[in-house]
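What follows is a single structure, written as structure tokens, with notes after it.
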Amino acid sequence: MEARYLETEQRASDLEFALKLEKSMNADKLDHLLDYSGELLDELQSVRATAGAYTRQLNAIINRVSFDCADVSSADEVEAPLGAIAIVFTDVENASDKWAQAADVMRQAAKLHNDLVRALVRRLEGYVVKTEGTSFMLAFGSALHGLRFCLELQRAATEPD
């Protein structure tokens, strides 16, 4: 009987040890799972931040493309100059960054800029070869007209109204 009692006690002790071991292993697994879920949450936040940045860039591009499409003018009455011509390129410095930072403000500023460029081009008998955003490729029948355009655009862009 005593042998049976010792055997039962041993089994109870073994079972208690097994339960403690399983509990310890489960606690380790739980700790590991918690660590892993924390890593996954950090990675998810990083992905969300990156996606947010890409979304802002994409929205800026969409706004810019929408503006470009709305800005296309079929009213460039002047014919392209022939022979010796002057080519002028214009661009707004850091326009892409400005679109990303404040698209609504940039839309208004770009419209004013583009309207000013087109008015000067017409007045000085230039020709709009192509546009992209706030950039223009222009052609003038003489270097003097091209230079005059550049000086007047710079003055108009830097002087207060």
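Ordered as shown in the structure tokens, chains take letters A, B, and onward, while each chain numbers its residues from 1 and ligands are numbered from 1 in the order shown.
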
Subject >> 8 Å contact set for Arg118 (chain A), only C-alpha atoms, chain neighbours under 4 positions out, as a ChimeraX atom specification >> reply: /A:114,122,128

**OP:** One decimal, Å: what's the distance from CA of Glu39 (chain A) over to CA of Lys20 (chain A), could you say?
**Re:**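 Rounded to one decimal, the two atoms are 28.2 Å apart.
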
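Taking CA of Lys29 (chain A) as the reference point, CA of Arg48 (chain A) is found at 27.8 Å.
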
Subject >> Test item: residues at most 12 Å from Asn94 (chain A), only C-alpha atoms, excluding those fewer than 6 positions along its chain, as a PyMOL selection string >> reply: chain A and resi 100-101+106+133-135

Original post:
Neighbours of Gly126 (chain A) within 9 Å (only C-alpha atoms; same-chain residues fewer than 3 positions away dropped), as a list in words?
Top reply: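 In the requested format, the answer is Val78, Glu79, Ala80, Pro81, Arg118, Leu120, Val121, Arg122, Arg123, Leu138, Ala139, Phe140, Gly141, His145, Gly146 and Phe149 of chain A.
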
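Between CA of Arg107 (chain A) and CA of Thr90 (chain A) the interatomic distance comes to 17.2 Å.
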
Subject >> Residues flagged strand (DSSP E) by DSSP in region 85-116 of chain A, as a PyMOL selection string >> reply: chain A and resi 86-90

Writing out the chosen residues with N, CA and C atoms as a CSV table (one decimal), in the first residue's frame:
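Final output, saved to part-v5.csv:
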```csv
chain,number,residue,atom,x,y,z
A,86,ALA,N,14.8,82.2,-80.6
A,86,ALA,CA,15.3,82.1,-79.3
A,86,ALA,C,14.4,81.2,-78.5
A,87,ILE,N,14.9,80.2,-77.8
A,87,ILE,CA,14.2,79.3,-77.0
A,87,ILE,C,14.3,79.7,-75.5
A,88,VAL,N,13.2,79.8,-74.8
A,88,VAL,CA,13.3,80.1,-73.4
A,88,VAL,C,12.5,79.1,-72.6
A,89,PHE,N,13.1,78.6,-71.5
A,89,PHE,CA,12.5,77.7,-70.6
A,89,PHE,C,12.2,78.4,-69.3
A,90,THR,N,11.1,78.2,-68.7
A,90,THR,CA,10.7,78.7,-67.4
A,90,THR,C,10.4,77.6,-66.5
```
